[in-house]
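Listing of entry25.txt; format and content: compact mmCIF, C-alpha atoms and all ligand atoms.
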# COMPACT_ATOMS: atom_id res chain seq x y z
CA MET E 1 45.23 -13.54 -7.42
CA LEU E 2 43.83 -10.75 -5.32
CA SER E 3 40.98 -10.08 -7.75
CA ARG E 4 40.09 -13.75 -7.84
CA LEU E 5 39.93 -13.78 -4.09
CA THR E 6 37.70 -10.70 -4.16
CA LEU E 7 35.47 -12.36 -6.71
CA PHE E 8 35.26 -15.48 -4.59
CA VAL E 9 34.40 -13.53 -1.46
CA SER E 10 31.77 -11.50 -3.26
CA LEU E 11 30.20 -14.57 -4.85
CA PHE E 12 30.17 -16.23 -1.49
CA CYS E 13 28.41 -13.24 0.02
CA ALA E 14 25.98 -13.16 -2.89
CA VAL E 15 25.02 -16.74 -2.19
CA THR E 16 24.56 -16.15 1.50
CA TYR E 17 22.39 -13.06 0.88
CA VAL E 18 20.31 -14.52 -1.92
CA SER E 19 17.66 -15.74 0.48
CA ALA E 20 17.17 -12.26 1.91
CA HIS E 21 16.98 -9.77 -0.97
CA GLY E 22 17.15 -9.35 -4.74
CA TYR E 23 17.44 -7.35 -7.95
CA VAL E 24 16.54 -7.55 -11.64
CA GLN E 25 19.09 -9.84 -13.29
CA GLU E 26 17.80 -9.90 -16.86
CA ILE E 27 15.60 -7.75 -19.10
CA ASP E 28 13.88 -9.46 -22.03
CA ILE E 29 12.17 -7.29 -24.62
CA ASP E 30 9.58 -8.67 -27.06
CA SER E 31 9.86 -6.10 -29.83
CA PRO E 32 12.45 -5.84 -31.22
CA SER E 33 13.45 -9.06 -29.48
CA SER E 34 16.45 -8.77 -27.16
CA LYS E 35 17.79 -10.30 -23.97
CA ASN E 36 19.83 -7.96 -21.78
CA SER E 37 21.73 -8.75 -18.62
CA GLY E 38 20.93 -6.61 -15.63
CA TYR E 39 23.70 -4.99 -13.61
CA LEU E 40 25.08 -7.86 -11.53
CA PRO E 41 26.45 -6.27 -8.34
CA TYR E 42 28.36 -9.32 -7.13
CA THR E 43 30.32 -10.02 -10.30
CA ASP E 44 30.28 -7.07 -12.73
CA PRO E 45 32.60 -4.77 -10.72
CA TYR E 46 35.29 -7.46 -10.60
CA TYR E 47 35.66 -7.87 -14.36
CA ASN E 48 38.20 -5.92 -16.36
CA PRO E 49 36.80 -4.35 -18.42
CA VAL E 50 33.54 -3.98 -16.46
CA PRO E 51 30.66 -5.28 -18.65
CA GLN E 52 28.42 -2.61 -20.17
CA ARG E 53 24.81 -2.87 -18.97
CA ILE E 54 21.55 -1.06 -19.71
CA VAL E 55 20.82 -0.94 -15.96
CA ARG E 56 22.30 1.71 -13.69
CA GLN E 57 24.77 0.35 -11.17
CA ILE E 58 23.47 -0.81 -7.78
CA PRO E 59 25.58 -1.48 -4.69
CA GLY E 60 24.05 -4.87 -3.93
CA ASN E 61 20.81 -6.72 -3.34
CA GLY E 62 19.73 -4.65 -0.32
CA PRO E 63 16.87 -2.19 0.07
CA VAL E 64 16.49 1.55 0.62
CA THR E 65 14.42 2.40 3.69
CA ASP E 66 15.08 6.14 4.17
CA LEU E 67 12.69 7.48 1.54
CA SER E 68 14.17 10.99 1.71
CA LEU E 69 17.46 9.88 0.14
CA ILE E 70 18.35 10.01 -3.57
CA ASP E 71 19.03 6.28 -3.10
CA VAL E 72 15.32 5.61 -3.54
CA GLN E 73 15.54 6.63 -7.20
CA CYS E 74 17.84 4.00 -8.70
CA ASN E 75 19.23 2.24 -5.62
CA GLY E 76 22.36 4.27 -5.14
CA TRP E 77 23.99 4.13 -1.77
CA THR E 78 24.52 7.48 -0.08
CA GLU E 79 26.04 6.04 3.07
CA GLY E 80 28.71 4.26 1.11
CA GLY E 81 29.52 7.46 -0.76
CA TYR E 82 28.03 5.82 -3.81
CA THR E 83 25.94 7.72 -6.35
CA THR E 84 24.01 6.13 -9.17
CA ALA E 85 25.65 7.11 -12.44
CA PRO E 86 24.02 6.67 -15.87
CA ALA E 87 24.73 3.34 -17.56
CA PRO E 88 26.83 3.43 -20.74
CA ILE E 89 24.29 1.76 -23.06
CA PHE E 90 20.53 1.34 -23.59
CA ALA E 91 18.15 -1.14 -25.20
CA THR E 92 15.63 -0.41 -27.95
CA VAL E 93 11.95 -1.12 -27.41
CA ALA E 94 8.90 -0.41 -29.54
CA ALA E 95 6.02 1.46 -27.90
CA GLY E 96 3.38 -1.16 -27.05
CA SER E 97 5.93 -3.95 -26.57
CA GLN E 98 5.99 -6.14 -23.52
CA VAL E 99 9.08 -6.07 -21.31
CA HIS E 100 9.91 -8.99 -19.00
CA LEU E 101 11.97 -8.31 -15.89
CA ASN E 102 13.65 -11.36 -14.41
CA TRP E 103 14.19 -11.07 -10.65
CA THR E 104 16.65 -13.10 -8.62
CA THR E 105 14.92 -15.55 -6.28
CA TRP E 106 12.68 -13.43 -4.10
CA PRO E 107 12.07 -14.42 -0.47
CA ASP E 108 8.52 -15.60 0.33
CA SER E 109 8.47 -13.45 3.46
CA HIS E 110 8.92 -10.15 1.52
CA MET E 111 5.34 -9.48 0.40
CA GLY E 112 4.56 -6.20 -1.35
CA PRO E 113 3.67 -4.36 -4.56
CA MET E 114 5.62 -4.18 -7.84
CA ILE E 115 5.54 -0.77 -9.48
CA THR E 116 6.98 0.64 -12.70
CA TYR E 117 7.62 4.27 -13.63
CA MET E 118 9.23 5.92 -16.65
CA ALA E 119 10.99 9.27 -17.16
CA ARG E 120 11.81 10.83 -20.53
CA ALA E 121 15.40 11.98 -20.90
CA PRO E 122 15.70 15.56 -22.19
CA SER E 123 18.94 14.57 -23.93
CA ASP E 124 21.45 11.70 -24.06
CA ILE E 125 20.28 9.12 -21.52
CA THR E 126 23.81 7.86 -20.94
CA LYS E 127 24.58 11.27 -19.42
CA TRP E 128 21.28 12.18 -17.75
CA ASN E 129 20.66 12.21 -14.02
CA PRO E 130 17.11 13.28 -13.07
CA GLY E 131 18.23 14.37 -9.61
CA THR E 132 15.25 15.48 -7.56
CA SER E 133 13.23 16.78 -10.57
CA ALA E 134 9.62 15.69 -10.97
CA VAL E 135 9.97 13.66 -14.18
CA TRP E 136 8.52 10.25 -13.31
CA PHE E 137 5.12 8.85 -14.34
CA LYS E 138 3.69 5.47 -13.40
CA VAL E 139 3.07 2.95 -16.17
CA ALA E 140 2.17 -0.21 -14.24
CA GLN E 141 1.42 -1.41 -10.74
CA THR E 142 0.32 -4.59 -8.99
CA GLY E 143 -0.33 -4.81 -5.26
CA LYS E 144 -2.55 -7.25 -3.39
CA THR E 145 -5.35 -9.10 -5.19
CA THR E 146 -8.82 -9.28 -3.66
CA ASP E 147 -8.04 -12.83 -2.55
CA GLY E 148 -4.91 -11.67 -0.70
CA LYS E 149 -2.17 -12.58 -3.20
CA TRP E 150 0.83 -10.22 -3.28
CA ALA E 151 2.62 -9.18 -6.47
CA ALA E 152 6.19 -9.61 -5.19
CA THR E 153 5.69 -13.03 -3.62
CA ASP E 154 2.64 -15.08 -4.74
CA LEU E 155 2.37 -13.66 -8.26
CA LEU E 156 6.11 -13.35 -8.98
CA THR E 157 6.73 -16.93 -7.84
CA ALA E 158 3.83 -18.17 -9.98
CA SER E 159 5.42 -16.52 -13.03
CA ASN E 160 8.93 -17.98 -12.50
CA SER E 161 10.30 -14.69 -11.12
CA ILE E 162 9.36 -12.87 -14.33
CA TYR E 163 7.47 -9.57 -14.01
CA THR E 164 5.91 -8.32 -17.24
CA PHE E 165 4.69 -4.83 -18.13
CA THR E 166 3.89 -3.01 -21.39
CA ILE E 167 5.49 0.17 -22.71
CA PRO E 168 2.48 2.49 -23.28
CA LYS E 169 1.28 2.03 -26.85
CA ASN E 170 1.21 5.69 -27.85
CA LEU E 171 4.22 6.85 -25.86
CA LYS E 172 6.26 9.44 -27.71
CA ALA E 173 9.53 8.08 -29.10
CA GLY E 174 12.69 8.99 -27.22
CA GLN E 175 15.03 7.87 -24.50
CA TYR E 176 13.58 6.89 -21.14
CA ILE E 177 14.60 5.49 -17.80
CA ILE E 178 12.33 2.68 -16.65
CA ARG E 179 12.29 2.77 -12.85
CA HIS E 180 10.96 -0.54 -11.59
CA GLU E 181 10.67 -1.55 -7.94
CA ILE E 182 9.45 -3.97 -5.35
CA ILE E 183 8.39 -2.44 -2.05
CA ALA E 184 8.72 -5.16 0.59
CA LEU E 185 6.24 -4.73 3.43
CA HIS E 186 7.27 -7.37 5.98
CA ALA E 187 8.50 -4.62 8.34
CA ALA E 188 6.22 -1.82 7.12
CA TYR E 189 3.96 -1.68 10.18
CA THR E 190 5.98 1.41 11.13
CA TYR E 191 8.23 3.99 9.39
CA PRO E 192 11.01 3.47 8.49
CA GLY E 193 10.14 -0.10 7.66
CA ALA E 194 9.04 -0.47 4.04
CA GLN E 195 11.98 -1.68 1.94
CA VAL E 196 12.31 -0.24 -1.57
CA TYR E 197 14.28 -2.23 -4.18
CA PRO E 198 14.49 0.02 -7.27
CA SER E 199 16.22 -0.61 -10.63
CA CYS E 200 16.76 1.95 -13.39
CA ILE E 201 16.78 0.53 -16.91
CA GLN E 202 17.73 2.68 -19.92
CA VAL E 203 15.77 2.34 -23.17
CA GLN E 204 15.16 4.05 -26.48
CA VAL E 205 11.44 3.89 -27.25
CA THR E 206 10.52 3.83 -30.94
CA GLY E 207 7.16 4.44 -32.60
CA SER E 208 4.97 7.16 -34.04
CA GLY E 209 2.95 7.94 -30.90
CA SER E 210 2.87 11.40 -29.40
CA ALA E 211 1.54 10.75 -25.89
CA LEU E 212 3.25 12.13 -22.82
CA PRO E 213 1.67 12.44 -19.39
CA THR E 214 1.06 15.84 -17.87
CA SER E 215 1.79 15.15 -14.23
CA PHE E 216 4.98 13.80 -12.74
CA VAL E 217 6.51 12.86 -9.40
CA SER E 218 10.07 12.98 -8.10
CA PHE E 219 12.28 10.40 -6.38
CA PRO E 220 12.90 11.19 -3.59
CA GLY E 221 9.57 12.92 -3.00
CA ALA E 222 6.87 10.58 -4.25
CA TYR E 223 6.99 8.47 -1.09
CA THR E 224 7.01 9.70 2.50
CA ALA E 225 6.04 8.18 5.83
CA SER E 226 2.47 9.42 5.32
CA THR E 227 1.99 8.19 1.73
CA PRO E 228 -0.79 5.55 1.72
CA GLY E 229 0.76 2.07 1.49
CA ILE E 230 4.18 2.98 2.95
CA VAL E 231 3.06 2.14 6.49
CA TYR E 232 0.86 -0.96 6.33
CA ASP E 233 0.63 -4.01 8.54
CA ALA E 234 0.70 -6.75 5.95
CA TYR E 235 0.24 -9.48 8.56
CA THR E 236 -3.00 -8.27 10.09
CA ASN E 237 -4.57 -5.81 7.66
CA THR E 238 -7.10 -7.67 5.55
CA SER E 239 -8.44 -4.60 3.75
CA ALA E 240 -7.33 -3.49 0.29
CA TYR E 241 -3.73 -2.35 -0.06
CA PRO E 242 -3.31 1.21 -1.40
CA ILE E 243 -0.33 1.12 -3.80
CA PRO E 244 1.95 4.11 -3.08
CA GLY E 245 2.42 6.90 -5.60
CA PRO E 246 0.24 8.45 -8.30
CA ALA E 247 -2.30 6.71 -10.54
CA VAL E 248 -1.05 4.90 -13.64
C1 LIG I 301 16.30 -15.46 -15.51
O1 LIG I 301 17.64 -15.08 -15.66
C2 LIG I 301 18.58 -16.09 -15.29
C3 LIG I 301 19.97 -15.48 -15.36
O2 LIG I 301 20.20 -14.90 -16.62
C4 LIG I 301 18.40 -17.29 -16.19
O3 LIG I 301 19.27 -18.32 -15.80
C5 LIG I 301 16.94 -17.78 -16.07
O4 LIG I 301 16.73 -18.84 -16.98
C6 LIG I 301 16.00 -16.65 -16.39
N1 LIG I 301 14.63 -17.13 -16.13
C7 LIG I 301 13.72 -17.22 -17.07
C8 LIG I 301 12.40 -17.78 -16.65
O5 LIG I 301 13.93 -16.88 -18.24
C1 LIG I 302 -5.42 -1.12 6.80
O1 LIG I 302 -4.82 -0.37 5.75
C2 LIG I 302 -5.58 0.72 5.31
C3 LIG I 302 -4.86 1.30 4.12
O2 LIG I 302 -3.55 1.67 4.44
C4 LIG I 302 -5.73 1.72 6.44
O3 LIG I 302 -6.49 2.81 6.01
C5 LIG I 302 -6.39 1.03 7.61
O4 LIG I 302 -6.41 1.93 8.69
C6 LIG I 302 -5.62 -0.21 8.00
N1 LIG I 302 -6.36 -0.95 8.99
C7 LIG I 302 -5.88 -1.24 10.20
C8 LIG I 302 -6.77 -2.04 11.10
O5 LIG I 302 -4.77 -0.87 10.55
Now that the file is in, can you turn its structure into structure tokens?
Ligand SMILES: *[C@@H]1O[C@H](CO)[C@@H](O)[C@H](O)[C@H]1NC(C)=O
Ligand SMILES: *[C@@H]1O[C@H](CO)[C@@H](O)[C@H](O)[C@H]1NC(C)=O
Amino acid sequence: MLSRLTLFVSLFCAVTYVSAHGYVQEIDIDSPSSKNSGYLPYTDPYYNPVPQRIVRQIPGNGPVTDLSLIDVQCNGWTEGGYTTAPAPIFATVAAGSQVHLNWTTWPDSHMGPMITYMARAPSDITKWNPGTSAVWFKVAQTGKTTDGKWAATDLLTASNSIYTFTIPKNLKAGQYIIRHEIIALHAAYTYPGAQVYPSCIQVQVTGSGSALPTSFVSFPGAYTASTPGIVYDAYTNTSAYPIPGPAV
């Protein structure tokens, strides 16, 4: 009875917040083909047993704005005493495969870039926490097109809320965290203001490639108040948008 009530309340809240924020609700991999549910913060915790996901737990559909917190890595929640633990399972993906990330309905007002990083786990990904180590490299990014279209709003809506990126073709096989994010810029004319919505997805990459990048960033660390693109007036600035973080 009590848990049903909790579920009802949380679903109700989910519905009322849906117009304001979001998260990745499904991960579809081309090769080998699989469909994987994301971590669903408004229902998963209320099931017994809790469903096993390939995405690290998030507290809800809200953003991280203090870029100095560990929260900015996988959307943990320091203030709530919540730390992002590894997820119990992972998906398999071939190097060179496309991966489609299905976002919940994203508000039109929350313009901004969509950025994807990866980090190679030194050992079992279901036990690995990168902490503040510099282990992340960027594999994809989309910001503002030359005709003023934003990745997180115009382009994501045009693709039915599906964001697609490719696992680098020659990436060395192994276990990786895919850290994908939207940075919403509707309040980014000052700092703090930019809203980061990260997700950490666990995969095993297969293939015969041997490529690994040589430079890495950390989260927190990669973004600060002075990183280009963190403070940006998206309403009035008509010049190109500098996507935060390192080159792809
Ligand atoms: C996105 O995921 C939701 C929930 O699993 C599903 O209902 C919807 O059909 C998916 N969208 C697309 C375009 O596949
Ligand atoms: C527009 O954004 C660019 C990149 O962040 C910045 O260099 C420039 O100063 C901004 N322009 C105005 C008018 O604020």
Write out as a ChimeraX atom specification each polymer residue whose atoms come within 7 Å of segment 197-210 of chain E, counting all atoms listed in the file; drop sequence neighbours fewer than 2 positions from it. /E:54-56,63-64,72-75,90-95,170-183,195,212
Which residues, protein or nucleic acid, reach to within 6 Å of (1.5, -10.9, -4.5) in the file's coordinates when using only C-alpha atoms, and can you give that as number ranges by chain? E: 144, 149-155
Show me a table, sorted first by chain and then by increasing residue number, of the residues of chain E having an atom at most 10 Å from ligand LIG 302 (chain I), each with its shortest atom pair and the distance in Å to one decimal, counting only C-alpha atoms and all ligand atoms and written as a tab-separated table.
residue	atom	partner	partner_atom	distance
E:Tyr189	CA	I:LIG302	O5	8.8
E:Ser226	CA	I:LIG302	O2	9.9
E:Thr227	CA	I:LIG302	O2	9.0
E:Pro228	CA	I:LIG302	O2	5.5
E:Gly229	CA	I:LIG302	O2	5.2
E:Ile230	CA	I:LIG302	O2	8.0
E:Val231	CA	I:LIG302	O2	6.9
E:Tyr232	CA	I:LIG302	O2	5.5
E:Asp233	CA	I:LIG302	O5	6.6
E:Ala234	CA	I:LIG302	C1	8.4
E:Thr236	CA	I:LIG302	C8	7.4
E:Asn237	CA	I:LIG302	C1	4.8
E:Thr238	CA	I:LIG302	C1	6.9
E:Ser239	CA	I:LIG302	C1	5.5
E:Ala240	CA	I:LIG302	C3	6.6
E:Tyr241	CA	I:LIG302	C3	5.7
E:Pro242	CA	I:LIG302	C3	5.7
E:Ile243	CA	I:LIG302	O2	8.9
E:Pro244	CA	I:LIG302	O2	9.6
Neighbours of ligand LIG 301 (chain I) at 7 Å or closer, counting only C-alpha atoms and all ligand atoms: which residues, as a VMD selection string? chain E and resid 25 to 26 37 102 to 103 160 to 162
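Of note, atom CA of Tyr117 of chain E and atom CA of Ala134 of chain E are spaced 11.9 Å apart.
The closest residue to Thr132 of chain E, picked from E:Ser159, E:Thr116, E:Gln98, E:Ser218 and counting all atoms listed in the file, is E:Ser218.
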Can you work out the spacing between atom CA of Ala184 of chain E and atom CA of Val196 of chain E in Å, to one decimal? 6.5 Å
I'd like the contact shell of Pro88 of chain E - 8 Å cut-off, only C-alpha atoms, skipping same-chain residues fewer than 3 positions apart - returned as a ChimeraX atom specification. /E:52-54,126
N, CA, C and O atoms modelled onto segment 149-163 of chain E, as a PDB file, in the frame of the given file:
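Now in selection24.pdb:
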ATOM      1  N   LYS E 149      -3.466 -12.208  -2.598  1.00  0.00           N
ATOM      2  CA  LYS E 149      -2.170 -12.580  -3.200  1.00  0.00           C
ATOM      3  C   LYS E 149      -1.353 -11.326  -3.499  1.00  0.00           C
ATOM      4  O   LYS E 149      -1.856 -10.371  -4.093  1.00  0.00           O
ATOM      5  N   TRP E 150      -0.071 -11.366  -3.092  1.00  0.00           N
ATOM      6  CA  TRP E 150       0.830 -10.220  -3.280  1.00  0.00           C
ATOM      7  C   TRP E 150       1.630 -10.353  -4.565  1.00  0.00           C
ATOM      8  O   TRP E 150       2.095 -11.440  -4.917  1.00  0.00           O
ATOM      9  N   ALA E 151       1.866  -9.196  -5.212  1.00  0.00           N
ATOM     10  CA  ALA E 151       2.620  -9.180  -6.470  1.00  0.00           C
ATOM     11  C   ALA E 151       4.029  -9.741  -6.306  1.00  0.00           C
ATOM     12  O   ALA E 151       4.472 -10.569  -7.101  1.00  0.00           O
ATOM     13  N   ALA E 152       4.759  -9.280  -5.277  1.00  0.00           N
ATOM     14  CA  ALA E 152       6.190  -9.610  -5.190  1.00  0.00           C
ATOM     15  C   ALA E 152       6.460 -11.036  -4.726  1.00  0.00           C
ATOM     16  O   ALA E 152       7.577 -11.537  -4.914  1.00  0.00           O
ATOM     17  N   THR E 153       5.464 -11.670  -4.114  1.00  0.00           N
ATOM     18  CA  THR E 153       5.690 -13.030  -3.620  1.00  0.00           C
ATOM     19  C   THR E 153       4.825 -14.017  -4.404  1.00  0.00           C
ATOM     20  O   THR E 153       5.311 -14.669  -5.330  1.00  0.00           O
ATOM     21  N   ASP E 154       3.522 -14.079  -4.097  1.00  0.00           N
ATOM     22  CA  ASP E 154       2.640 -15.080  -4.740  1.00  0.00           C
ATOM     23  C   ASP E 154       2.685 -14.999  -6.266  1.00  0.00           C
ATOM     24  O   ASP E 154       2.893 -15.997  -6.950  1.00  0.00           O
ATOM     25  N   LEU E 155       2.503 -13.778  -6.807  1.00  0.00           N
ATOM     26  CA  LEU E 155       2.370 -13.660  -8.260  1.00  0.00           C
ATOM     27  C   LEU E 155       3.722 -13.807  -8.957  1.00  0.00           C
ATOM     28  O   LEU E 155       3.826 -14.436 -10.016  1.00  0.00           O
ATOM     29  N   LEU E 156       4.778 -13.254  -8.357  1.00  0.00           N
ATOM     30  CA  LEU E 156       6.110 -13.350  -8.980  1.00  0.00           C
ATOM     31  C   LEU E 156       6.592 -14.811  -8.983  1.00  0.00           C
ATOM     32  O   LEU E 156       7.142 -15.280  -9.982  1.00  0.00           O
ATOM     33  N   THR E 157       6.351 -15.520  -7.894  1.00  0.00           N
ATOM     34  CA  THR E 157       6.730 -16.930  -7.840  1.00  0.00           C
ATOM     35  C   THR E 157       5.970 -17.731  -8.892  1.00  0.00           C
ATOM     36  O   THR E 157       6.541 -18.558  -9.600  1.00  0.00           O
ATOM     37  N   ALA E 158       4.663 -17.430  -9.024  1.00  0.00           N
ATOM     38  CA  ALA E 158       3.830 -18.170  -9.980  1.00  0.00           C
ATOM     39  C   ALA E 158       4.287 -17.916 -11.417  1.00  0.00           C
ATOM     40  O   ALA E 158       4.028 -18.733 -12.300  1.00  0.00           O
ATOM     41  N   SER E 159       4.976 -16.797 -11.662  1.00  0.00           N
ATOM     42  CA  SER E 159       5.420 -16.520 -13.030  1.00  0.00           C
ATOM     43  C   SER E 159       6.925 -16.736 -13.180  1.00  0.00           C
ATOM     44  O   SER E 159       7.569 -16.099 -14.019  1.00  0.00           O
ATOM     45  N   ASN E 160       7.506 -17.637 -12.352  1.00  0.00           N
ATOM     46  CA  ASN E 160       8.930 -17.980 -12.500  1.00  0.00           C
ATOM     47  C   ASN E 160       9.858 -16.801 -12.298  1.00  0.00           C
ATOM     48  O   ASN E 160      10.866 -16.679 -13.006  1.00  0.00           O
ATOM     49  N   SER E 161       9.502 -15.885 -11.408  1.00  0.00           N
ATOM     50  CA  SER E 161      10.300 -14.690 -11.120  1.00  0.00           C
ATOM     51  C   SER E 161      10.347 -13.689 -12.272  1.00  0.00           C
ATOM     52  O   SER E 161      11.231 -12.834 -12.335  1.00  0.00           O
ATOM     53  N   ILE E 162       9.414 -13.819 -13.215  1.00  0.00           N
ATOM     54  CA  ILE E 162       9.360 -12.870 -14.330  1.00  0.00           C
ATOM     55  C   ILE E 162       8.179 -11.915 -14.133  1.00  0.00           C
ATOM     56  O   ILE E 162       7.031 -12.340 -14.028  1.00  0.00           O
ATOM     57  N   TYR E 163       8.491 -10.623 -14.091  1.00  0.00           N
ATOM     58  CA  TYR E 163       7.470  -9.570 -14.010  1.00  0.00           C
ATOM     59  C   TYR E 163       7.336  -8.958 -15.398  1.00  0.00           C
ATOM     60  O   TYR E 163       8.344  -8.606 -16.017  1.00  0.00           O
TER      61      TYR E 163
END
